[in-house]
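**Student:** Sharing input_29.cif, mmCIF, C-alpha atoms and all ligand atoms:
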```cif
data_my_file
loop_
_atom_site.label_atom_id
_atom_site.label_comp_id
_atom_site.auth_asym_id
_atom_site.auth_seq_id
_atom_site.Cartn_x
_atom_site.Cartn_y
_atom_site.Cartn_z
CA MET J 13 -34.48 40.93 -8.80
CA THR J 14 -36.65 39.11 -11.31
CA VAL J 15 -36.24 35.36 -12.02
CA GLU J 16 -34.82 36.18 -15.46
CA SER J 17 -32.25 38.54 -14.08
CA SER J 18 -31.32 36.02 -11.39
CA GLU J 19 -30.58 33.40 -14.06
CA ALA J 20 -28.52 35.96 -15.89
CA ALA J 21 -26.72 36.63 -12.61
CA TYR J 22 -25.88 32.91 -12.25
CA ARG J 23 -24.53 32.88 -15.80
CA THR J 24 -22.45 35.93 -15.14
CA LEU J 25 -21.09 34.33 -11.96
CA ASP J 26 -19.99 31.38 -14.04
CA GLU J 27 -18.23 33.64 -16.53
CA LEU J 28 -16.48 35.33 -13.61
CA ALA J 29 -15.29 31.94 -12.26
CA ALA J 30 -17.43 32.30 -9.16
CA ALA J 31 -20.19 30.01 -7.90
CA PRO J 32 -23.05 30.13 -5.38
CA LEU J 33 -22.11 28.05 -2.35
CA TRP J 34 -25.78 27.43 -1.55
CA ARG J 35 -26.12 25.25 -4.65
CA HIS J 36 -23.14 23.06 -3.65
CA TYR J 37 -23.31 22.97 0.10
CA GLY J 38 -24.75 19.47 0.51
CA SER J 39 -22.17 17.79 -1.68
CA LEU J 40 -19.23 19.79 -0.31
CA PHE J 41 -20.21 19.20 3.31
CA SER J 42 -21.77 15.77 3.52
CA PRO J 43 -22.69 14.73 7.07
CA GLU J 44 -20.26 11.81 6.77
CA PRO J 45 -17.43 10.92 4.37
CA ARG J 46 -18.63 9.46 1.07
CA SER J 47 -15.83 7.68 -0.73
CA VAL J 48 -15.92 7.65 -4.51
CA ALA J 49 -13.89 4.42 -4.31
CA VAL J 50 -16.02 1.29 -4.19
CA PRO J 51 -15.24 -1.92 -2.32
CA HIS J 52 -13.60 -4.33 -4.74
CA ARG J 53 -11.66 -7.59 -4.95
CA TRP J 54 -8.95 -8.28 -7.53
CA ASP J 55 -8.61 -11.96 -8.30
CA TYR J 56 -4.91 -12.83 -8.40
CA ALA J 57 -5.50 -16.13 -10.21
CA ALA J 58 -7.22 -14.25 -13.05
CA LEU J 59 -4.52 -11.56 -13.28
CA ARG J 60 -1.52 -13.89 -13.14
CA PRO J 61 -1.77 -15.28 -16.71
CA LEU J 62 -2.12 -11.72 -18.02
CA MET J 63 1.01 -10.65 -16.19
CA LEU J 64 2.84 -13.58 -17.77
CA HIS J 65 1.39 -12.63 -21.16
CA PHE J 66 2.92 -9.15 -20.92
CA THR J 67 6.32 -10.62 -20.10
CA ARG J 68 6.21 -12.08 -23.62
CA THR J 69 4.95 -8.97 -25.39
CA LEU J 70 6.59 -6.09 -23.51
CA SER J 71 10.26 -5.72 -22.62
CA LEU J 72 11.50 -3.66 -19.71
CA ASP J 73 13.27 -1.44 -22.22
CA GLU J 74 9.80 -0.46 -23.45
CA ALA J 75 8.12 -0.07 -20.07
CA GLU J 76 9.54 1.85 -17.15
CA ARG J 77 7.91 -0.79 -14.92
CA ARG J 78 5.79 -3.81 -15.92
CA VAL J 79 2.96 -3.11 -13.50
CA LEU J 80 -0.74 -3.89 -13.69
CA MET J 81 -2.53 -1.06 -11.93
CA LEU J 82 -5.40 -2.16 -9.71
CA VAL J 83 -7.79 0.61 -10.65
CA ASN J 84 -10.82 1.12 -8.48
CA PRO J 85 -13.99 1.09 -10.62
CA GLY J 86 -14.95 4.38 -8.94
CA MET J 87 -11.54 6.03 -9.39
CA GLN J 88 -10.50 5.71 -13.01
CA ASP J 89 -9.36 9.26 -13.78
CA PRO J 90 -6.90 9.83 -12.27
CA PRO J 91 -6.43 6.15 -11.48
CA ALA J 92 -6.21 5.09 -7.84
CA THR J 93 -7.00 1.97 -5.86
CA VAL J 94 -8.64 3.76 -2.94
CA ASN J 95 -8.42 7.37 -1.80
CA SER J 96 -4.78 8.58 -1.86
CA LEU J 97 -3.38 5.06 -2.40
CA PHE J 98 -2.26 3.00 -5.35
CA ALA J 99 -1.81 -0.76 -5.60
CA GLY J 100 -0.26 -2.56 -8.53
CA ILE J 101 1.22 -5.93 -9.32
CA GLN J 102 4.67 -5.93 -10.85
CA ILE J 103 6.35 -8.76 -12.68
CA ILE J 104 10.02 -9.10 -13.60
CA LEU J 105 11.71 -12.01 -15.34
CA PRO J 106 15.09 -13.59 -14.64
CA GLY J 107 17.81 -11.50 -16.27
CA GLU J 108 15.71 -8.34 -16.41
CA THR J 109 16.39 -4.99 -14.80
CA ALA J 110 13.90 -2.23 -14.07
CA GLN J 111 15.95 0.93 -14.44
CA ALA J 112 16.89 3.24 -11.60
CA HIS J 113 14.65 6.22 -10.93
CA ARG J 114 13.24 8.19 -8.05
CA HIS J 115 10.02 10.03 -7.34
CA THR J 116 8.45 12.08 -4.59
CA ALA J 117 5.85 9.39 -3.98
CA ASN J 118 6.60 6.93 -1.18
CA ALA J 119 6.52 3.29 -2.21
CA PHE J 120 6.84 -0.18 -0.80
CA ARG J 121 6.76 -3.70 -2.19
CA PHE J 122 5.23 -6.78 -0.59
CA ILE J 123 6.73 -9.84 -2.24
CA ILE J 124 4.26 -12.39 -3.62
CA GLU J 125 6.18 -14.93 -5.71
CA GLY J 126 9.72 -15.79 -6.71
CA ALA J 127 13.21 -15.52 -5.28
CA SER J 128 16.68 -14.15 -6.04
CA ALA J 129 15.69 -10.68 -7.12
CA TYR J 130 16.79 -7.57 -5.33
CA THR J 131 15.97 -3.92 -5.38
CA THR J 132 18.72 -1.38 -4.82
CA VAL J 133 17.58 1.58 -2.73
CA ASP J 134 20.08 4.46 -2.54
CA GLY J 135 22.97 2.04 -3.08
CA GLU J 136 21.77 -0.70 -0.71
CA ARG J 137 20.74 -4.01 -2.23
CA LEU J 138 17.63 -5.42 -0.58
CA HIS J 139 16.96 -9.07 -1.34
CA MET J 140 13.37 -10.11 -1.93
CA ASN J 141 11.63 -13.23 -0.69
CA PRO J 142 7.91 -13.98 -0.47
CA GLY J 143 6.27 -12.19 2.46
CA ASP J 144 9.02 -9.55 2.72
CA LEU J 145 8.08 -5.87 2.97
CA LEU J 146 10.59 -3.57 1.26
CA LEU J 147 10.47 0.20 1.57
CA THR J 148 11.30 2.77 -1.07
CA PRO J 149 10.72 6.07 0.73
CA GLY J 150 10.06 9.16 -1.37
CA TRP J 151 12.98 10.54 -3.41
CA HIS J 152 15.17 7.44 -2.90
CA TRP J 153 16.77 5.98 -6.02
CA HIS J 154 15.55 2.47 -6.77
CA ASP J 155 16.05 -0.17 -9.44
CA HIS J 156 15.09 -3.83 -9.52
CA ARG J 157 17.19 -6.72 -10.78
CA HIS J 158 16.24 -10.39 -11.06
CA GLU J 159 18.95 -13.07 -10.98
CA GLY J 160 16.78 -16.10 -10.20
CA ASN J 161 14.99 -18.69 -12.34
CA ASP J 162 11.27 -17.99 -12.10
CA PRO J 163 9.14 -14.91 -12.65
CA MET J 164 9.05 -12.62 -9.64
CA MET J 165 5.83 -10.85 -8.66
CA TRP J 166 5.13 -8.34 -5.97
CA LEU J 167 2.51 -5.90 -4.78
CA ASP J 168 3.51 -2.27 -5.24
CA GLY J 169 1.97 0.20 -2.81
CA LEU J 170 2.40 3.91 -3.53
CA ASP J 171 0.91 7.17 -2.31
CA PHE J 172 1.17 8.97 -5.67
CA PRO J 173 -2.56 9.81 -5.78
CA LEU J 174 -1.84 11.94 -2.71
CA THR J 175 1.39 13.44 -4.09
CA ASN J 176 -0.46 14.31 -7.29
CA ALA J 177 -3.46 15.71 -5.41
CA PHE J 178 -1.01 18.08 -3.71
CA GLU J 179 0.67 18.72 -7.09
CA ALA J 180 3.98 18.01 -5.40
CA GLY J 181 5.31 15.14 -7.51
CA PHE J 182 8.79 15.07 -9.04
CA PHE J 183 10.30 12.22 -11.06
CA GLU J 184 13.86 11.68 -12.21
CA LEU J 185 15.90 9.00 -13.99
CA PHE J 186 19.20 8.04 -12.39
CA GLY J 187 21.04 7.92 -15.71
CA ASP J 188 22.77 4.57 -15.42
CA ARG J 189 20.32 1.70 -15.70
CA VAL J 190 21.27 0.28 -12.30
CA GLN J 191 22.93 1.73 -9.23
CA LYS J 192 26.22 0.48 -7.88
CA SER J 193 26.15 -1.35 -4.58
CA LEU J 194 27.55 1.12 -2.03
CA VAL J 195 27.06 -0.69 1.28
CA PRO J 196 26.80 -4.37 2.33
CA ASP J 197 23.56 -6.00 1.13
CA ASP J 198 20.58 -5.68 3.49
CA LEU J 199 22.64 -3.60 5.93
CA SER J 200 19.79 -1.41 7.18
CA SER J 201 17.62 -4.41 7.86
CA ARG J 202 20.31 -6.20 9.85
CA ARG J 203 21.03 -3.05 11.87
CA PHE J 204 17.53 -1.87 12.60
CA ILE J 205 15.17 -4.85 12.53
CA HIS J 206 15.46 -5.34 16.28
CA GLY J 207 13.67 -2.03 16.76
CA ARG J 208 14.43 -1.60 20.47
CA LEU J 209 18.22 -1.58 20.02
CA ASN J 210 18.98 1.04 17.39
CA PRO J 211 22.48 1.93 16.23
CA ALA J 212 22.90 5.12 18.27
CA TRP J 213 25.49 6.63 15.92
CA GLU J 214 22.94 6.81 13.10
CA GLN J 215 20.82 9.92 13.39
CA PRO J 216 17.20 9.97 12.20
CA GLU J 217 17.57 11.91 8.97
CA ARG J 218 14.25 11.21 7.30
CA LEU J 219 10.54 10.84 8.06
CA SER J 220 10.41 7.19 7.03
CA SER J 221 11.74 4.04 8.64
CA PRO J 222 15.46 3.31 8.13
CA VAL J 223 14.66 -0.40 7.63
CA GLY J 224 14.97 -1.38 3.96
CA ASN J 225 13.47 -4.84 4.29
CA TYR J 226 11.14 -6.33 6.91
CA PRO J 227 11.75 -10.01 6.08
CA TRP J 228 8.98 -12.57 6.36
CA ARG J 229 11.09 -14.72 8.70
CA GLU J 230 11.01 -11.84 11.24
CA THR J 231 7.26 -11.51 10.81
CA GLU J 232 6.93 -15.22 11.51
CA ARG J 233 9.09 -14.86 14.62
CA ALA J 234 6.93 -12.00 15.84
CA PHE J 235 3.76 -14.07 15.42
CA ALA J 236 5.38 -17.11 17.01
CA ALA J 237 6.13 -15.03 20.12
CA ILE J 238 2.43 -14.28 20.60
CA ALA J 239 0.37 -17.04 22.20
CA ASP J 240 -2.35 -18.69 20.13
CA ASP J 241 -4.94 -17.61 22.68
CA ALA J 242 -3.77 -13.99 22.88
CA GLU J 243 -6.55 -11.45 23.04
CA GLY J 244 -5.80 -9.65 19.76
CA SER J 245 -7.94 -6.95 18.25
CA GLU J 246 -11.69 -7.58 18.07
CA SER J 247 -11.82 -6.37 14.50
CA GLU J 248 -8.34 -7.17 13.14
CA GLY J 249 -7.30 -10.35 14.99
CA ILE J 250 -3.65 -10.71 15.98
CA VAL J 251 -2.60 -7.59 14.12
CA LEU J 252 1.01 -6.38 14.02
CA GLU J 253 2.17 -3.06 12.69
CA TYR J 254 5.50 -2.72 10.88
CA THR J 255 7.09 0.25 12.64
CA ASN J 256 9.75 2.86 12.19
CA PRO J 257 12.35 1.97 14.87
CA TRP J 258 13.20 5.65 15.37
CA THR J 259 9.65 6.71 16.20
CA GLY J 260 7.58 3.59 16.89
CA GLY J 261 5.19 5.04 14.33
CA SER J 262 4.27 4.11 10.79
CA VAL J 263 6.94 2.99 8.33
CA LEU J 264 6.19 5.83 5.92
CA PRO J 265 4.75 9.28 6.68
CA THR J 266 1.69 8.71 4.50
CA MET J 267 1.12 4.96 4.76
CA ASP J 268 1.07 2.40 7.55
CA CYS J 269 1.63 -1.31 6.93
CA ARG J 270 0.19 -4.11 9.02
CA ILE J 271 -0.23 -7.83 9.02
CA SER J 272 -3.09 -9.71 10.64
CA ARG J 273 -3.29 -13.29 11.68
CA LEU J 274 -6.94 -14.30 11.57
CA ARG J 275 -7.09 -17.46 13.62
CA PRO J 276 -9.41 -20.33 12.62
CA HIS J 277 -13.09 -19.35 12.95
CA PHE J 278 -12.23 -15.70 13.68
CA HIS J 279 -15.30 -13.48 13.36
CA GLY J 280 -14.19 -9.86 13.49
CA GLN J 281 -16.30 -7.15 15.05
CA PRO J 282 -17.57 -4.63 12.49
CA ARG J 283 -15.57 -1.44 12.38
CA ARG J 284 -15.02 1.64 10.29
CA THR J 285 -12.45 4.40 10.26
CA THR J 286 -11.85 7.33 7.94
CA ALA J 287 -8.68 5.62 6.68
CA SER J 288 -8.80 4.04 3.23
CA ALA J 289 -6.99 0.73 2.98
CA VAL J 290 -5.81 -2.00 0.64
CA LEU J 291 -5.73 -5.62 1.81
CA HIS J 292 -3.58 -8.39 0.35
CA VAL J 293 -4.14 -12.00 1.31
CA VAL J 294 -0.81 -13.61 2.14
CA GLN J 295 -2.11 -17.04 3.09
CA GLY J 296 -5.41 -18.79 3.60
CA HIS J 297 -9.04 -18.07 2.82
CA GLY J 298 -11.81 -16.01 4.31
CA TYR J 299 -14.16 -13.20 3.54
CA VAL J 300 -14.68 -9.57 4.33
CA GLU J 301 -18.03 -7.85 4.48
CA ILE J 302 -17.71 -4.26 3.31
CA GLY J 303 -20.93 -2.28 3.60
CA GLU J 304 -23.64 -4.57 2.27
CA GLU J 305 -21.30 -6.70 0.16
CA ARG J 306 -19.40 -9.86 0.94
CA PHE J 307 -16.06 -10.60 -0.76
CA ASP J 308 -14.75 -14.13 -0.48
CA PHE J 309 -10.99 -14.13 -0.82
CA GLY J 310 -8.15 -16.57 -1.33
CA PRO J 311 -4.37 -16.46 -1.43
CA LYS J 312 -2.78 -13.41 -3.11
CA ASP J 313 -6.05 -11.56 -3.79
CA VAL J 314 -6.12 -7.79 -3.28
CA LEU J 315 -9.09 -5.85 -1.88
CA ALA J 316 -10.07 -2.19 -1.78
CA LEU J 317 -11.50 -0.98 1.52
CA PRO J 318 -12.72 2.60 1.08
CA GLY J 319 -12.76 4.90 4.09
CA TRP J 320 -15.75 5.03 6.44
CA GLN J 321 -17.22 1.81 5.04
CA PRO J 322 -18.10 -0.63 7.80
CA TYR J 323 -16.11 -3.83 7.38
CA ARG J 324 -15.95 -7.17 9.09
CA LEU J 325 -13.20 -9.76 8.62
CA VAL J 326 -14.02 -13.44 8.90
CA ASN J 327 -11.93 -16.59 8.69
CA PRO J 328 -14.47 -19.43 8.57
CA THR J 329 -11.78 -22.06 7.89
CA ALA J 330 -9.86 -24.31 10.27
CA GLU J 331 -6.48 -22.84 9.18
CA ASP J 332 -4.80 -19.52 9.91
CA THR J 333 -5.35 -16.72 7.40
CA PHE J 334 -2.76 -13.96 7.06
CA VAL J 335 -3.75 -10.59 5.61
CA PHE J 336 -1.29 -7.80 4.85
CA SER J 337 -2.80 -4.30 4.71
CA TYR J 338 -1.80 -0.71 4.23
CA SER J 339 -3.73 2.48 4.74
CA ASN J 340 -3.50 6.27 4.64
CA ARG J 341 -4.09 6.52 8.38
CA PRO J 342 -0.76 8.31 9.16
CA ALA J 343 -1.61 11.07 6.67
CA LEU J 344 -5.09 11.49 8.14
CA GLN J 345 -3.78 11.45 11.71
CA ALA J 346 -1.12 14.06 10.90
CA LEU J 347 -3.85 16.32 9.56
CA GLY J 348 -6.40 15.65 12.32
CA MET J 349 -8.78 13.78 10.02
CA TRP J 350 -8.65 10.29 11.42
CA ARG J 351 -11.78 8.96 13.10
CA ASP J 352 -12.56 5.52 14.37
CA ASP J 353 -16.10 4.48 15.23
CA GLN J 354 -14.72 2.29 18.03
CA PRO J 355 -12.18 4.56 19.75
CA ALA J 356 -11.84 2.05 22.57
CA ALA J 357 -10.74 -0.66 20.12
CA GLY J 358 -7.39 1.08 19.65
CA ALA J 359 -5.77 -1.26 17.16
C1 LIG R 401 7.13 2.66 -9.64
O1 LIG R 401 8.15 3.52 -9.76
C2 LIG R 401 7.36 1.35 -9.29
O2 LIG R 401 9.66 1.63 -8.89
C3 LIG R 401 6.29 0.49 -9.17
O3 LIG R 401 8.92 -0.37 -9.03
C4 LIG R 401 5.01 0.90 -9.41
C5 LIG R 401 3.47 2.64 -10.03
C6 LIG R 401 3.24 3.92 -10.41
C7 LIG R 401 4.26 4.81 -10.54
C8 LIG R 401 5.56 4.43 -10.29
C9 LIG R 401 8.74 0.84 -9.05
C10 LIG R 401 4.76 2.21 -9.77
C11 LIG R 401 5.82 3.12 -9.90
#
```
What's the structure tokens form of this structure?
**Tutor:**
Amino acid sequence: MTVESSEAAYRTLDELAAAPLWRHYGSLFSPEPRSVAVPHRWDYAALRPLMLHFTRTLSLDEAERRVLMLVNPGMQDPPATVNSLFAGIQIILPGETAQAHRHTANAFRFIIEGASAYTTVDGERLHMNPGDLLLTPGWHWHDHRHEGNDPMMWLDGLDFPLTNAFEAGFFELFGDRVQKSLVPDDLSSRRFIHGRLNPAWEQPERLSSPVGNYPWRETERAFAAIADDAEGSESEGIVLEYTNPWTGGSVLPTMDCRISRLRPHFHGQPRRTTASAVLHVVQGHGYVEIGEERFDFGPKDVLALPGWQPYRLVNPTAEDTFVFSYSNRPALQALGMWRDDQPAAGA
């Protein structure tokens, strides 16, 4: 074939919706994962006044949810925070309700500020206090109601970039603005939080954890039970995973949630895994090196940790630093795509 006719052949291929693999091979099969997400830090102190601004200009009748999306500079369309994961910050004022709906995407909330709000998940009211982790597994009805005095803010974690990548997302309004309370408040949490003593008459009927709320006071108890000089993980410090009491595994099928205590002067060992993660600083200061960049962080900041980027956590201060994190590790593990460059490190 002549050069001319070869070019014509390429054009014809295009018209026939076919393409030559040999011109795409390198980008389709890179030797290592290359995340389009970039490492990033969202400054909570800078976002907070803007959240308050939108409480004055936008009612919850106008917005399904008053959420600021934390959009990764490398993942604007469709928006995501890191691969397969979304993070947003939601604000709700006293007296407001965010109407009941459900979606295929799994969600959770990690409470940042405020008190006396609750979310109702399939008829169970879950009360929110700072540091609590509340689950809204996929296809569960949920609405939020605030009966306190100060604005309430929380971090929303969702896997909708994954649901949408699979083109498997459904969404539905409940009809009534709020659900009725059908069971005693916080029932699932009181029944299942112990984890090793599960109500045996309740059968596992879903992939996600039956615990509605993992309250901060239980997290504190768990940390208090671990000695200050415990070994911990070389890269993550004293890291605890919120677990599904039925399986011992992750709280949601697509996302795991963890909390790390970085003790004073903790210098983490560098590590990378194929999991993409979002970090949220609960308390204290520190920094994380991601690739070649260093991100100094303070209370309530949120950070994007793209997959296969080497990272190193450091707490240079004389106080404890607590970092909440979630990742897509369960999804990768279920599909055989999880790799850790330090298999021996385990945690
Ligand atoms: C959602 O339904 C909530 O229910 C929060 O509070 C954040 C972000 C994207 C899509 C749906 C909620 C969300 C969301």
**Student:** Contacts of Pro265 in chain J at 7 Å or less, counting all atoms listed in the file, minus same-chain residues fewer than 2 places along, as a PyMOL selection string?
**Tutor:** chain J and resi 219-220+262-263+267+342-343
**Student:** How far is it from atom C1 of ligand LIG 401 (chain R) to CA of Ala57 in chain J, in Å with one decimal?
**Tutor:**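 One can read the atom C1 of ligand LIG 401 (chain R) to CA of Ala57 in chain J distance as 22.6 Å.
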**Student:** Taking (-16.8, 1.6, -10.7) as a centre in this file's frame and 10 Å as the limit, can you find every polymer residue with an atom that close, using all atoms listed in the file, and give them as a ChimeraX atom specification?
**Tutor:** /J:48-52,83-88
**Student:** Pick from J:Thr131, J:Gln111, J:Thr67, J:Ser339: nearest to Cys269 in chain J, with only C-alpha atoms counted?
**Tutor:**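 Of J:Thr131, J:Gln111, J:Thr67, J:Ser339, the one nearest Cys269 in chain J, counting only C-alpha atoms, is J:Ser339.
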**Student:** Excluding Asn340 in chain J and residues on its chain fewer than 5 positions from it, collect all residues at most 8 Å away from it, counting all atoms listed in the file, and give them as a list in words.
**Tutor:**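 Using all atoms listed in the file, the neighbours found are Ser96, Leu97, Thr266, Met267, Asp268, Ala287, Ser288 and Ala289 of chain J.
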**Student:** Pick the closest to Phe336 in chain J from J:Leu199, J:Ala236, J:Leu145, J:Leu194: which is it, counting only C-alpha atoms?
**Tutor:**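 Ranking J:Leu199, J:Ala236, J:Leu145, J:Leu194 by distance to Phe336 in chain J, first place goes to J:Leu145.
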**Student:** Can you work out which one of J:Thr259, J:Ser221, J:Thr69, J:Gln102 has the shortest atom-to-atom distance to ligand LIG 401 (chain R), counting all atoms listed in the file?
**Tutor:**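 When distances to ligand LIG 401 (chain R) are compared using all atoms listed in the file, the smallest one comes from J:Gln102.
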**Student:** Could you check how far CA of Gly169 in chain J sits from CA of Arg270 in chain J, in Å to one decimal?
**Tutor:**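 Calculated distance between CA of Gly169 in chain J and CA of Arg270 in chain J is 12.7 Å.
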